[in-house]
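Novice: Input structure: protein_9.cif, which contains mmCIF, C-alpha atoms and all ligand atoms.
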```cif
data_upload
#
loop_
_atom_site.label_atom_id
_atom_site.label_comp_id
_atom_site.auth_asym_id
_atom_site.auth_seq_id
_atom_site.Cartn_x
_atom_site.Cartn_y
_atom_site.Cartn_z
CA MET A 1 6.22 -16.47 3.31
CA LYS A 2 7.24 -17.77 -0.09
CA THR A 3 4.47 -16.94 -2.53
CA ASP A 4 5.42 -18.60 -5.80
CA LEU A 5 6.04 -22.22 -6.81
CA THR A 6 9.84 -22.10 -7.03
CA ASP A 7 11.39 -25.46 -6.01
CA LYS A 8 8.02 -27.20 -6.33
CA THR A 9 7.36 -30.11 -8.67
CA ILE A 10 3.83 -30.20 -9.98
CA VAL A 11 2.44 -33.08 -12.01
CA LEU A 12 -0.21 -31.84 -14.43
CA GLY A 13 -2.67 -34.57 -15.41
CA VAL A 14 -4.57 -33.92 -18.63
CA THR A 15 -7.59 -36.05 -19.55
CA GLY A 16 -9.66 -36.19 -22.72
CA GLY A 17 -12.02 -33.22 -22.70
CA ILE A 18 -12.51 -30.37 -25.13
CA ALA A 19 -10.98 -28.03 -22.50
CA ALA A 20 -7.62 -29.85 -22.74
CA TYR A 21 -6.30 -26.90 -24.77
CA LYS A 22 -6.60 -24.71 -21.65
CA SER A 23 -4.08 -26.91 -19.80
CA VAL A 24 -1.38 -25.73 -22.20
CA GLU A 25 -1.86 -22.20 -20.82
CA LEU A 26 -2.05 -23.59 -17.28
CA LEU A 27 1.29 -25.30 -17.80
CA ARG A 28 2.80 -22.01 -18.98
CA LEU A 29 1.44 -20.18 -15.91
CA LEU A 30 2.73 -22.85 -13.50
CA ARG A 31 6.18 -22.58 -15.06
CA LYS A 32 6.05 -18.78 -14.86
CA GLN A 33 5.54 -19.22 -11.11
CA GLY A 34 8.79 -21.18 -10.98
CA ALA A 35 7.37 -24.72 -10.84
CA ASN A 36 9.03 -27.76 -12.37
CA VAL A 37 6.09 -29.31 -14.24
CA ARG A 38 5.74 -32.90 -15.48
CA VAL A 39 2.77 -33.74 -17.68
CA MET A 40 0.85 -36.98 -17.69
CA MET A 41 -1.82 -37.42 -20.38
CA THR A 42 -4.47 -40.05 -20.98
CA ARG A 43 -4.70 -41.57 -24.46
CA ASN A 44 -7.97 -39.65 -25.04
CA ALA A 45 -6.28 -36.36 -24.07
CA CYS A 46 -3.72 -36.95 -26.85
CA GLU A 47 -6.62 -36.84 -29.32
CA PHE A 48 -7.34 -33.24 -28.30
CA VAL A 49 -3.80 -31.80 -27.89
CA GLY A 50 -0.53 -33.31 -29.06
CA PRO A 51 1.94 -34.35 -26.32
CA LEU A 52 4.68 -32.47 -28.18
CA THR A 53 3.20 -29.12 -27.13
CA PHE A 54 3.35 -30.12 -23.46
CA GLU A 55 6.78 -31.63 -23.93
CA ALA A 56 8.18 -28.43 -25.41
CA LEU A 57 6.64 -26.17 -22.77
CA SER A 58 7.47 -28.37 -19.77
CA GLU A 59 10.93 -29.29 -21.06
CA HIS A 60 10.26 -32.86 -19.92
CA PRO A 61 9.02 -35.98 -21.69
CA VAL A 62 5.25 -36.45 -21.39
CA SER A 63 4.00 -39.70 -19.91
CA ASN A 64 0.95 -41.22 -21.61
CA SER A 65 1.45 -44.96 -21.23
CA LEU A 66 2.38 -47.28 -18.39
CA PHE A 67 4.93 -48.82 -20.70
CA ASP A 68 6.67 -45.72 -22.07
CA LYS A 69 10.36 -45.84 -21.33
CA GLY A 70 12.20 -42.75 -20.28
CA ASP A 71 15.72 -42.07 -19.09
CA ASP A 72 14.37 -39.68 -16.45
CA ALA A 73 12.62 -42.29 -14.29
CA PRO A 74 12.72 -46.10 -14.56
CA ILE A 75 9.24 -46.56 -13.01
CA ARG A 76 7.60 -43.29 -13.95
CA HIS A 77 4.26 -43.64 -12.18
CA ILE A 78 6.02 -44.35 -8.87
CA ASP A 79 8.96 -41.97 -9.27
CA TRP A 80 6.83 -39.03 -10.38
CA ALA A 81 4.41 -39.66 -7.49
CA ARG A 82 7.34 -39.55 -5.04
CA GLU A 83 8.68 -36.30 -6.54
CA ALA A 84 5.36 -34.44 -6.74
CA ASP A 85 4.66 -31.57 -4.33
CA ALA A 86 1.17 -31.38 -5.84
CA VAL A 87 -0.90 -32.88 -8.62
CA VAL A 88 -3.33 -30.87 -10.73
CA ILE A 89 -5.77 -32.70 -13.01
CA ALA A 90 -7.26 -30.27 -15.52
CA PRO A 91 -9.54 -31.01 -17.20
CA ALA A 92 -10.78 -33.98 -15.16
CA THR A 93 -13.35 -36.03 -17.07
CA ALA A 94 -16.19 -38.10 -15.56
CA ASN A 95 -14.09 -41.15 -16.46
CA ILE A 96 -10.99 -40.23 -14.41
CA ILE A 97 -13.20 -39.02 -11.54
CA GLY A 98 -14.95 -42.41 -11.50
CA LYS A 99 -11.69 -44.32 -11.68
CA LEU A 100 -10.10 -42.32 -8.85
CA ALA A 101 -13.16 -42.74 -6.64
CA GLY A 102 -13.19 -46.48 -7.30
CA GLY A 103 -9.44 -47.02 -6.99
CA ILE A 104 -9.15 -48.29 -10.54
CA ALA A 105 -5.66 -48.29 -12.07
CA ASP A 106 -5.77 -49.17 -15.77
CA ASP A 107 -3.54 -46.55 -17.40
CA ALA A 108 -0.55 -44.33 -16.56
CA LEU A 109 -2.50 -41.49 -14.90
CA SER A 110 -4.90 -43.59 -12.80
CA THR A 111 -2.06 -45.90 -11.69
CA PHE A 112 0.15 -42.93 -10.80
CA MET A 113 -2.71 -41.41 -8.78
CA LEU A 114 -2.85 -44.43 -6.47
CA ALA A 115 0.78 -43.80 -5.56
CA VAL A 116 0.36 -40.04 -4.96
CA THR A 117 0.57 -38.76 -1.37
CA SER A 118 0.81 -35.01 -2.08
CA PRO A 119 -2.17 -32.59 -2.38
CA VAL A 120 -4.40 -33.16 -5.42
CA ILE A 121 -6.30 -30.35 -7.14
CA LEU A 122 -9.02 -31.70 -9.38
CA CYS A 123 -10.77 -29.54 -12.01
CA PRO A 124 -13.87 -31.35 -13.34
CA SER A 125 -15.04 -30.28 -16.80
CA MET A 126 -17.78 -31.91 -18.86
CA ASN A 127 -21.30 -31.55 -20.22
CA THR A 128 -23.72 -30.11 -17.63
CA HIS A 129 -25.92 -33.22 -17.45
CA MET A 130 -22.86 -35.44 -17.05
CA TYR A 131 -21.56 -33.16 -14.27
CA GLN A 132 -24.93 -33.19 -12.50
CA ASN A 133 -25.28 -36.96 -12.88
CA ARG A 134 -25.69 -38.60 -9.48
CA ALA A 135 -22.84 -41.04 -10.02
CA VAL A 136 -20.42 -38.22 -10.89
CA GLN A 137 -21.56 -36.13 -7.92
CA LYS A 138 -21.23 -39.15 -5.62
CA ASN A 139 -17.73 -39.82 -6.93
CA LEU A 140 -16.75 -36.17 -6.41
CA GLY A 141 -18.10 -36.39 -2.85
CA THR A 142 -15.98 -39.50 -2.29
CA LEU A 143 -12.85 -37.76 -3.61
CA LYS A 144 -13.57 -34.73 -1.43
CA SER A 145 -13.76 -37.04 1.59
CA TYR A 146 -10.36 -38.44 0.57
CA GLY A 147 -8.95 -34.89 0.80
CA TYR A 148 -8.96 -33.98 -2.89
CA PHE A 149 -9.39 -30.24 -3.48
CA ILE A 150 -12.13 -29.82 -6.08
CA VAL A 151 -12.18 -26.64 -8.20
CA LYS A 152 -15.83 -26.23 -9.18
CA PRO A 153 -16.50 -25.85 -12.91
CA GLU A 154 -17.97 -22.57 -14.10
CA ALA A 155 -21.45 -22.17 -15.51
CA GLY A 156 -21.86 -20.92 -19.05
CA ASP A 157 -22.23 -21.96 -22.67
CA LEU A 158 -20.45 -25.26 -23.25
CA ALA A 159 -18.87 -26.61 -26.42
CA CYS A 160 -21.57 -29.32 -26.61
CA GLY A 161 -24.28 -26.66 -26.96
CA THR A 162 -25.75 -26.86 -23.44
CA THR A 163 -25.68 -24.07 -20.88
CA GLY A 164 -24.91 -24.69 -17.22
CA PRO A 165 -22.07 -25.80 -14.94
CA GLY A 166 -19.28 -27.81 -16.56
CA ARG A 167 -16.86 -25.31 -18.07
CA LEU A 168 -13.21 -25.50 -17.00
CA PRO A 169 -12.28 -22.23 -15.20
CA ASP A 170 -9.74 -20.03 -16.94
CA PRO A 171 -6.10 -21.00 -16.28
CA PRO A 172 -5.30 -17.94 -14.06
CA ASP A 173 -8.18 -18.96 -11.78
CA ILE A 174 -6.97 -22.57 -11.62
CA LEU A 175 -3.47 -21.31 -10.81
CA ASP A 176 -4.97 -19.13 -8.07
CA ARG A 177 -6.65 -22.19 -6.50
CA VAL A 178 -3.39 -24.16 -6.72
CA LEU A 179 -1.64 -21.35 -4.83
CA TYR A 180 -4.51 -21.27 -2.32
CA ARG A 181 -4.26 -25.03 -1.72
CA LEU A 182 -0.48 -24.92 -1.28
CA THR A 183 -0.31 -21.83 0.97
CA PRO A 184 -0.29 -22.56 4.73
CA SER A 185 -3.46 -21.26 6.45
CA ASP A 186 -1.69 -19.22 9.12
CA LEU A 187 -4.49 -16.62 9.14
CA LYS A 188 -7.33 -19.13 9.22
CA GLY A 189 -10.60 -17.63 10.36
CA LYS A 190 -9.26 -14.07 10.69
CA ARG A 191 -11.68 -11.48 9.34
CA PHE A 192 -10.09 -8.94 7.02
CA LEU A 193 -11.45 -5.66 5.77
CA VAL A 194 -9.33 -4.32 2.91
CA THR A 195 -9.92 -1.17 0.87
CA ALA A 196 -8.53 -0.64 -2.62
CA GLY A 197 -8.66 1.56 -5.68
CA PRO A 198 -9.46 5.25 -6.09
CA THR A 199 -12.59 7.18 -5.20
CA ARG A 200 -14.47 9.37 -7.66
CA GLU A 201 -15.87 12.68 -6.57
CA HIS A 202 -18.36 13.90 -9.17
CA PHE A 203 -19.12 17.55 -9.87
CA ASP A 204 -21.54 16.72 -12.65
CA PRO A 205 -22.92 13.36 -13.86
CA VAL A 206 -20.04 12.76 -16.28
CA ARG A 207 -17.00 14.40 -14.64
CA PHE A 208 -15.17 13.76 -11.43
CA ILE A 209 -11.96 14.26 -9.38
CA SER A 210 -9.98 11.06 -8.92
CA ASN A 211 -6.47 9.54 -9.05
CA PRO A 212 -4.76 6.77 -11.04
CA SER A 213 -5.00 3.98 -8.41
CA SER A 214 -5.55 0.67 -10.25
CA GLY A 215 -6.49 -1.34 -7.16
CA LYS A 216 -3.58 -3.76 -7.76
CA MET A 217 -1.96 -3.27 -4.33
CA GLY A 218 -5.19 -3.65 -2.35
CA TYR A 219 -6.42 -6.57 -4.46
CA ALA A 220 -3.04 -8.31 -3.92
CA ILE A 221 -3.50 -7.93 -0.14
CA ALA A 222 -7.06 -9.29 -0.31
CA ARG A 223 -5.87 -12.25 -2.41
CA ALA A 224 -2.92 -13.01 -0.09
CA ALA A 225 -5.16 -12.89 3.00
CA GLU A 226 -7.65 -15.28 1.34
CA HIS A 227 -4.86 -17.66 0.33
CA ARG A 228 -3.79 -17.76 3.98
CA GLY A 229 -7.22 -18.74 5.24
CA GLY A 230 -8.71 -15.32 6.02
CA HIS A 231 -12.34 -14.29 5.42
CA VAL A 232 -11.92 -11.19 3.33
CA THR A 233 -14.21 -8.28 2.55
CA LEU A 234 -12.81 -5.94 -0.07
CA VAL A 235 -14.29 -2.45 -0.28
CA SER A 236 -13.27 -1.34 -3.73
CA GLY A 237 -13.41 1.92 -5.62
CA PRO A 238 -13.90 1.77 -9.40
CA VAL A 239 -11.19 -0.39 -11.00
CA THR A 240 -10.97 -2.62 -14.07
CA ILE A 241 -9.04 -5.59 -12.65
CA PRO A 242 -10.89 -8.86 -11.84
CA PRO A 243 -11.82 -9.44 -8.18
CA PRO A 244 -9.86 -12.03 -6.19
CA LEU A 245 -11.59 -15.41 -5.88
CA ASN A 246 -13.59 -16.24 -2.77
CA VAL A 247 -13.53 -12.65 -1.49
CA SER A 248 -16.65 -10.63 -0.77
CA VAL A 249 -16.44 -7.42 -2.82
CA VAL A 250 -18.35 -4.24 -1.93
CA ARG A 251 -18.19 -1.71 -4.76
CA VAL A 252 -18.26 1.98 -3.95
CA LEU A 253 -17.66 5.17 -5.90
CA SER A 254 -17.07 8.11 -3.61
CA ALA A 255 -15.19 8.62 -0.34
CA GLN A 256 -18.50 9.04 1.48
CA GLU A 257 -19.73 5.69 0.14
CA MET A 258 -16.44 4.08 1.11
CA ALA A 259 -16.72 5.54 4.61
CA ARG A 260 -20.20 4.06 5.08
CA ALA A 261 -19.16 0.64 3.74
CA VAL A 262 -16.10 0.54 6.02
CA PHE A 263 -17.77 1.79 9.22
CA ASP A 264 -20.65 -0.69 8.72
CA ARG A 265 -18.15 -3.57 8.68
CA MET A 266 -15.50 -2.43 11.14
CA GLU A 267 -16.97 -4.20 14.19
CA GLN A 268 -16.95 -7.58 12.41
CA SER A 269 -13.27 -7.25 11.38
CA ASP A 270 -10.06 -8.40 13.07
CA MET A 271 -7.74 -6.61 10.65
CA ILE A 272 -8.34 -3.52 8.60
CA ILE A 273 -5.90 -2.59 5.84
CA LYS A 274 -6.62 0.70 4.10
CA THR A 275 -4.87 0.65 0.74
CA ALA A 276 -7.44 2.79 -1.09
CA ALA A 277 -6.40 6.16 -2.48
CA VAL A 278 -9.23 8.21 -1.02
CA SER A 279 -9.86 11.70 -2.31
CA ASP A 280 -9.32 14.18 0.53
CA TYR A 281 -11.79 16.64 -1.01
CA ARG A 282 -15.01 16.52 -3.00
CA PRO A 283 -16.78 19.22 -5.00
CA LYS A 284 -19.04 21.30 -2.78
CA GLU A 285 -21.82 21.03 -5.32
CA GLN A 286 -22.80 18.36 -7.80
CA ALA A 287 -24.74 19.52 -10.87
CA THR A 288 -27.70 17.40 -11.93
CA HIS A 289 -26.82 17.79 -15.60
CA LYS A 290 -23.57 18.11 -17.52
CA ILE A 291 -22.07 21.54 -16.96
CA LYS A 292 -21.99 23.53 -20.21
CA LYS A 293 -18.96 25.35 -21.49
CA GLY A 294 -19.26 29.01 -20.53
CA GLU A 295 -16.95 31.69 -19.24
CA LYS A 296 -13.16 31.52 -19.72
CA GLU A 297 -12.35 30.57 -16.14
CA LYS A 298 -14.30 28.50 -13.67
CA THR A 299 -13.60 27.82 -10.03
CA LEU A 300 -14.50 24.53 -8.40
CA ALA A 301 -15.22 24.86 -4.69
CA LEU A 302 -14.16 21.80 -2.69
CA GLN A 303 -15.04 20.54 0.75
CA LYS A 304 -13.23 18.03 2.92
CA ASN A 305 -14.11 14.36 2.80
CA PRO A 306 -14.23 12.28 5.98
CA ASP A 307 -10.81 10.89 6.91
CA ILE A 308 -11.92 7.25 7.10
CA LEU A 309 -8.67 5.92 8.52
CA LYS A 310 -8.48 8.57 11.23
CA GLU A 311 -12.02 7.76 12.32
CA LEU A 312 -11.18 4.03 12.35
CA GLY A 313 -8.18 4.83 14.56
CA ARG A 314 -10.44 6.73 16.93
CA ARG A 315 -13.05 3.95 17.12
CA LYS A 316 -10.73 0.92 17.09
CA ARG A 317 -10.74 -1.53 19.98
CA LYS A 318 -9.05 -4.87 19.30
CA GLN A 319 -8.64 -4.51 15.53
CA VAL A 320 -5.24 -4.37 13.89
CA LEU A 321 -5.22 -1.19 11.82
CA VAL A 322 -2.80 -0.69 8.93
CA GLY A 323 -2.68 2.34 6.66
CA PHE A 324 -0.78 3.30 3.54
CA ALA A 325 1.01 6.57 2.88
CA ALA A 326 1.47 7.65 -0.71
CA GLU A 327 4.02 10.44 -0.82
CA THR A 328 6.06 12.41 -3.33
CA GLN A 329 8.60 13.63 -0.75
CA GLU A 330 9.76 13.16 2.87
CA LEU A 331 8.32 9.65 3.13
CA GLU A 332 9.54 8.96 6.66
CA LYS A 333 8.36 12.24 8.13
CA ASN A 334 4.93 12.16 6.45
CA ALA A 335 4.29 8.46 7.06
CA GLY A 336 5.34 8.78 10.73
CA LYS A 337 2.94 11.68 11.20
CA LYS A 338 0.02 9.69 9.71
CA LEU A 339 0.89 6.63 11.85
CA ALA A 340 0.64 8.70 15.04
CA GLU A 341 -2.30 10.96 14.08
CA LYS A 342 -4.45 8.08 12.86
CA ASN A 343 -3.61 5.72 15.75
CA LEU A 344 -2.30 2.95 13.46
CA ASP A 345 -0.40 -0.24 14.26
CA MET A 346 1.63 0.05 11.10
CA ILE A 347 1.86 2.23 8.00
CA VAL A 348 3.17 1.22 4.59
CA GLY A 349 4.94 4.09 2.87
CA ASN A 350 5.48 4.28 -0.88
CA LEU A 351 7.05 7.02 -2.96
CA LEU A 352 4.96 7.80 -6.01
CA THR A 353 7.95 9.37 -7.75
CA GLN A 354 9.72 6.03 -8.31
CA PRO A 355 9.03 4.29 -11.63
CA GLU A 356 8.53 0.82 -10.12
CA SER A 357 6.35 2.03 -7.27
CA GLY A 358 2.88 3.31 -6.58
CA PHE A 359 -0.03 3.74 -8.98
CA GLY A 360 -0.72 1.14 -11.67
CA THR A 361 2.57 -0.78 -11.50
CA ASP A 362 2.79 -4.54 -10.86
CA THR A 363 5.64 -3.87 -8.42
CA ASN A 364 6.05 -1.64 -5.41
CA GLN A 365 8.90 -0.47 -3.23
CA VAL A 366 7.65 0.18 0.26
CA THR A 367 8.98 0.98 3.71
CA LEU A 368 7.11 -0.44 6.70
CA PHE A 369 6.88 1.93 9.67
CA TYR A 370 6.00 0.45 13.05
CA ARG A 371 4.40 1.96 16.11
CA ASP A 372 7.58 1.57 18.19
CA GLY A 373 9.37 3.98 15.82
CA SER A 374 11.29 1.33 13.88
CA LYS A 375 11.17 1.03 10.10
CA GLU A 376 11.89 -1.63 7.48
CA PRO A 377 12.76 -0.52 3.95
CA LEU A 378 12.07 -3.26 1.38
CA ASP A 379 13.37 -3.90 -2.13
CA VAL A 380 11.25 -3.52 -5.24
CA MET A 381 8.91 -6.54 -5.27
CA GLU A 382 5.81 -7.78 -7.06
CA LYS A 383 2.73 -6.41 -5.30
CA ASP A 384 1.71 -10.02 -4.45
CA ALA A 385 5.04 -10.47 -2.63
CA VAL A 386 4.64 -7.11 -0.82
CA ALA A 387 1.19 -8.27 0.29
CA HIS A 388 2.49 -11.54 1.76
CA LEU A 389 5.39 -9.82 3.48
CA LEU A 390 3.03 -7.28 4.99
CA LEU A 391 0.89 -10.15 6.37
CA ASP A 392 4.04 -11.88 7.71
CA ARG A 393 4.95 -8.71 9.61
CA ILE A 394 1.42 -8.25 10.95
CA ILE A 395 1.66 -11.78 12.40
CA GLU A 396 5.21 -11.38 13.78
CA ARG A 397 5.15 -7.79 15.00
CA ILE A 398 1.54 -7.19 15.99
CA ILE A 399 -0.48 -10.38 16.57
CA ARG A 400 2.23 -12.39 18.37
CA ARG A 401 3.23 -9.53 20.67
O1 LIG B 1 -3.90 0.83 -6.56
P1 LIG B 1 -2.49 0.77 -7.12
O2 LIG B 1 -2.42 1.28 -8.54
O3 LIG B 1 -1.88 -0.59 -6.96
O4 LIG B 1 -1.60 1.79 -6.27
C1 LIG B 1 -1.29 1.51 -4.93
C2 LIG B 1 -1.36 2.77 -4.05
C3 LIG B 1 -0.28 3.74 -4.50
C4 LIG B 1 -2.73 3.44 -4.18
C5 LIG B 1 -1.14 2.27 -2.59
O5 LIG B 1 0.11 1.66 -2.48
C6 LIG B 1 -1.22 3.45 -1.60
O6 LIG B 1 -0.24 4.12 -1.32
N1 LIG B 1 -2.44 3.71 -1.03
C7 LIG B 1 -2.73 4.84 -0.17
C8 LIG B 1 -3.00 6.07 -1.00
C9 LIG B 1 -3.37 7.29 -0.17
O7 LIG B 1 -4.47 7.76 -0.29
O8 LIG B 1 -2.47 7.67 0.68
P2 LIG B 1 -2.64 8.97 1.66
O9 LIG B 1 -1.27 9.19 2.15
O10 LIG B 1 -3.32 10.07 0.93
O11 LIG B 1 -3.61 8.46 2.79
C10 LIG B 1 -3.11 7.86 3.99
C11 LIG B 1 -4.05 6.79 4.47
O12 LIG B 1 -5.31 7.37 4.86
C12 LIG B 1 -4.40 5.72 3.43
O13 LIG B 1 -4.42 4.47 4.08
C13 LIG B 1 -5.79 6.12 2.95
O14 LIG B 1 -6.55 4.97 2.55
C14 LIG B 1 -6.38 6.79 4.18
N2 LIG B 1 -7.36 7.87 3.90
C15 LIG B 1 -6.97 9.00 3.24
C16 LIG B 1 -7.87 10.03 3.04
C17 LIG B 1 -9.19 9.88 3.51
N3 LIG B 1 -10.08 10.84 3.33
N4 LIG B 1 -9.54 8.76 4.16
C18 LIG B 1 -8.65 7.76 4.36
O15 LIG B 1 -9.00 6.73 4.95
#
```
Written as structure tokens, how would this file's structure read?
Specialist:
Amino acid sequence: MKTDLTDKTIVLGVTGGIAAYKSVELLRLLRKQGANVRVMMTRNACEFVGPLTFEALSEHPVSNSLFDKGDDAPIRHIDWAREADAVVIAPATANIIGKLAGGIADDALSTFMLAVTSPVILCPSMNTHMYQNRAVQKNLGTLKSYGYFIVKPEAGDLACGTTGPGRLPDPPDILDRVLYRLTPSDLKGKRFLVTAGPTREHFDPVRFISNPSSGKMGYAIARAAEHRGGHVTLVSGPVTIPPPLNVSVVRVLSAQEMARAVFDRMEQSDMIIKTAAVSDYRPKEQATHKIKKGEKEKTLALQKNPDILKELGRRKRKQVLVGFAAETQELEKNAGKKLAEKNLDMIVGNLLTQPESGFGTDTNQVTLFYRDGSKEPLDVMEKDAVAHLLLDRIIERIIRR
């Protein structure tokens, strides 16, 4: 499945709120995803940010009047509506929300919106009391019933000095909701259990054995599954990246904690994808206090951790079970062995020795190994793209069979 916005035309509507500056960053992010972006501003929005900024970044003229003449489209509000694959209004003021709910068309943006037939993503942002006002809530309810996708404002300190809901979410989160709205829900209702990140095995309160897993690969899988309509639980070791939106995150530290979290949730899952880099061993003893420097050499005795994936393979009934194999040599041989020993439906092999693969990178080069003995080597891709392709193959090669 295509995961970016290449070949899509998005109309970004900007209305007159203090958060209008954030739509400049949103425009940049939409373009980075490959979208052709046209910007429509209300007159009030132009008081907050100059149209020139949007013009330069979108590489298109900005529309802010019903009567502006452009060579690109003779009747802009109709032509742009016809071209749009989606419309994002961010920030959306109480005024535009009221006008859209009432069908009022008295400027370029509100008139254009009456002609739009593509999905609309609306990001309300205003003072908390205005947002909670019954008329605004009623109007939002009306727009929801018309099929508008409403991105809820965040709670926090607002520019007007109040604290509460009303703040425009950060642009990466708005982009994430745009991707969610435009991604087909081919995994609607499926329950996913995804693990990600490293485990930490402490031998005293301040030191531990671990590995450099950043969680990026597992988080990308959780995000992709959510975008495709799945209910996702993400069991995560300690990482510093933000959690995907609308995903239930269970934080764990050690392999034993991860094992408990996973086994507790296995029965309620349709698909289990184990991306976490679990420590195979843990220190036999854990000191209560920091171990002091002493003799020249010290030996750390280790004991085996539970092999979570192997146990899942033993217990599995109808679940689809996918593992990862992180190798430094003989990928095919080692991955194939794990696939068979752990009773998996598929295993994703990656070589940690390649610079664009494995720990911490934004990209990965993986080979998919299937239960029937076949394999599919893939090019270097963004981890988000690997995640979607993995889900495509789960649908084609496991669910549909
Ligand atoms: O997090 P990133 O920085 O994005 O890096 C991604 C990644 C390199 C961590 C990821 O792509 C990856 O390869 N994850 C699996 C790492 C690993 O532990 O591989 P393994 O070959 O040691 O383990 C095989 C499988 O058994 C894995 O699915 C693992 O989750 C599971 N396992 C391993 C040991 C154990 N005690 N219990 C397990 O469940």
Novice: Within 7 Å of ligand LIG 1 (chain B), counting all atoms listed in the file, which protein or nucleic acid residues do you find, written as number ranges by chain?
Specialist: A: 196-197, 212-218, 255, 274-280, 305-310, 323-327, 338, 349-350, 352, 358-361
Novice: Let me make sure I understand: among A:Gln268, A:Cys46, A:Thr288, A:Leu391, which one has the smallest atom-to-atom distance to Asp186 (chain A) if we use only C-alpha atoms?
Specialist: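 Under the stated criterion, the closest residue is A:Leu391.
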Novice: Just checking: using only C-alpha atoms, which residue out of A:Ser58, A:Thr3, A:Thr53, A:Ser210 ends up closest to Arg223 (chain A)?
Specialist: A:Thr3
Novice: At most 9 Å from (-10.4, -32.7, -13.1), file frame, all atoms listed in the file: which residues, as JSON, numbers by chain?
Specialist: {"A": [13, 14, 15, 88, 89, 90, 91, 92, 93, 94, 96, 97, 121, 122, 123, 124, 125, 150, 151, 168]}
Novice: Suppose you want the space between CA of Arg38 (chain A) and CA of Phe112 (chain A); what is it in Å?
Specialist: 12.4 Å
Novice: Mind giving me the straight-line distance from CA of Ala259 (chain A) to CA of Lys190 (chain A) in Å, one decimal?
Specialist: 21.8 Å
Novice: Which residues, written as a PyMOL selection string, have at least one atom at most 10 Å from His60 (chain A), with only C-alpha atoms counted and residues fewer than 2 positions away on the same chain left out?
Specialist: chain A and resi 36-39+52+54-58+62-63+72
Novice: Taking 3 positions as the minimum chain separation for residues in the same chain, which residues sit within 9 Å of Val87 (chain A) when counting all atoms listed in the file? Answer as a list in words.
Specialist: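 Final neighbour list, sorted by chain and number: Thr9, Ile10, Val11, Leu12, Gly13, Ala81, Ala84, Met113, Val116, Ser118, Pro119, Val120, Ile121 and Leu122 of chain A.
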Novice: Could you please determine the separation between CA of Cys160 (chain A) and CA of Val136 (chain A) in Å, to one decimal place?
Specialist: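 So the answer is 18.1 Å.
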Novice: List the spatial neighbours of Gly230 (chain A) as number ranges by chain - criterion: any atom at most 10 Å away, only C-alpha atoms, same-chain residues fewer than 6 positions off excluded.
Specialist: A: 185-192, 222-224, 247, 270-271
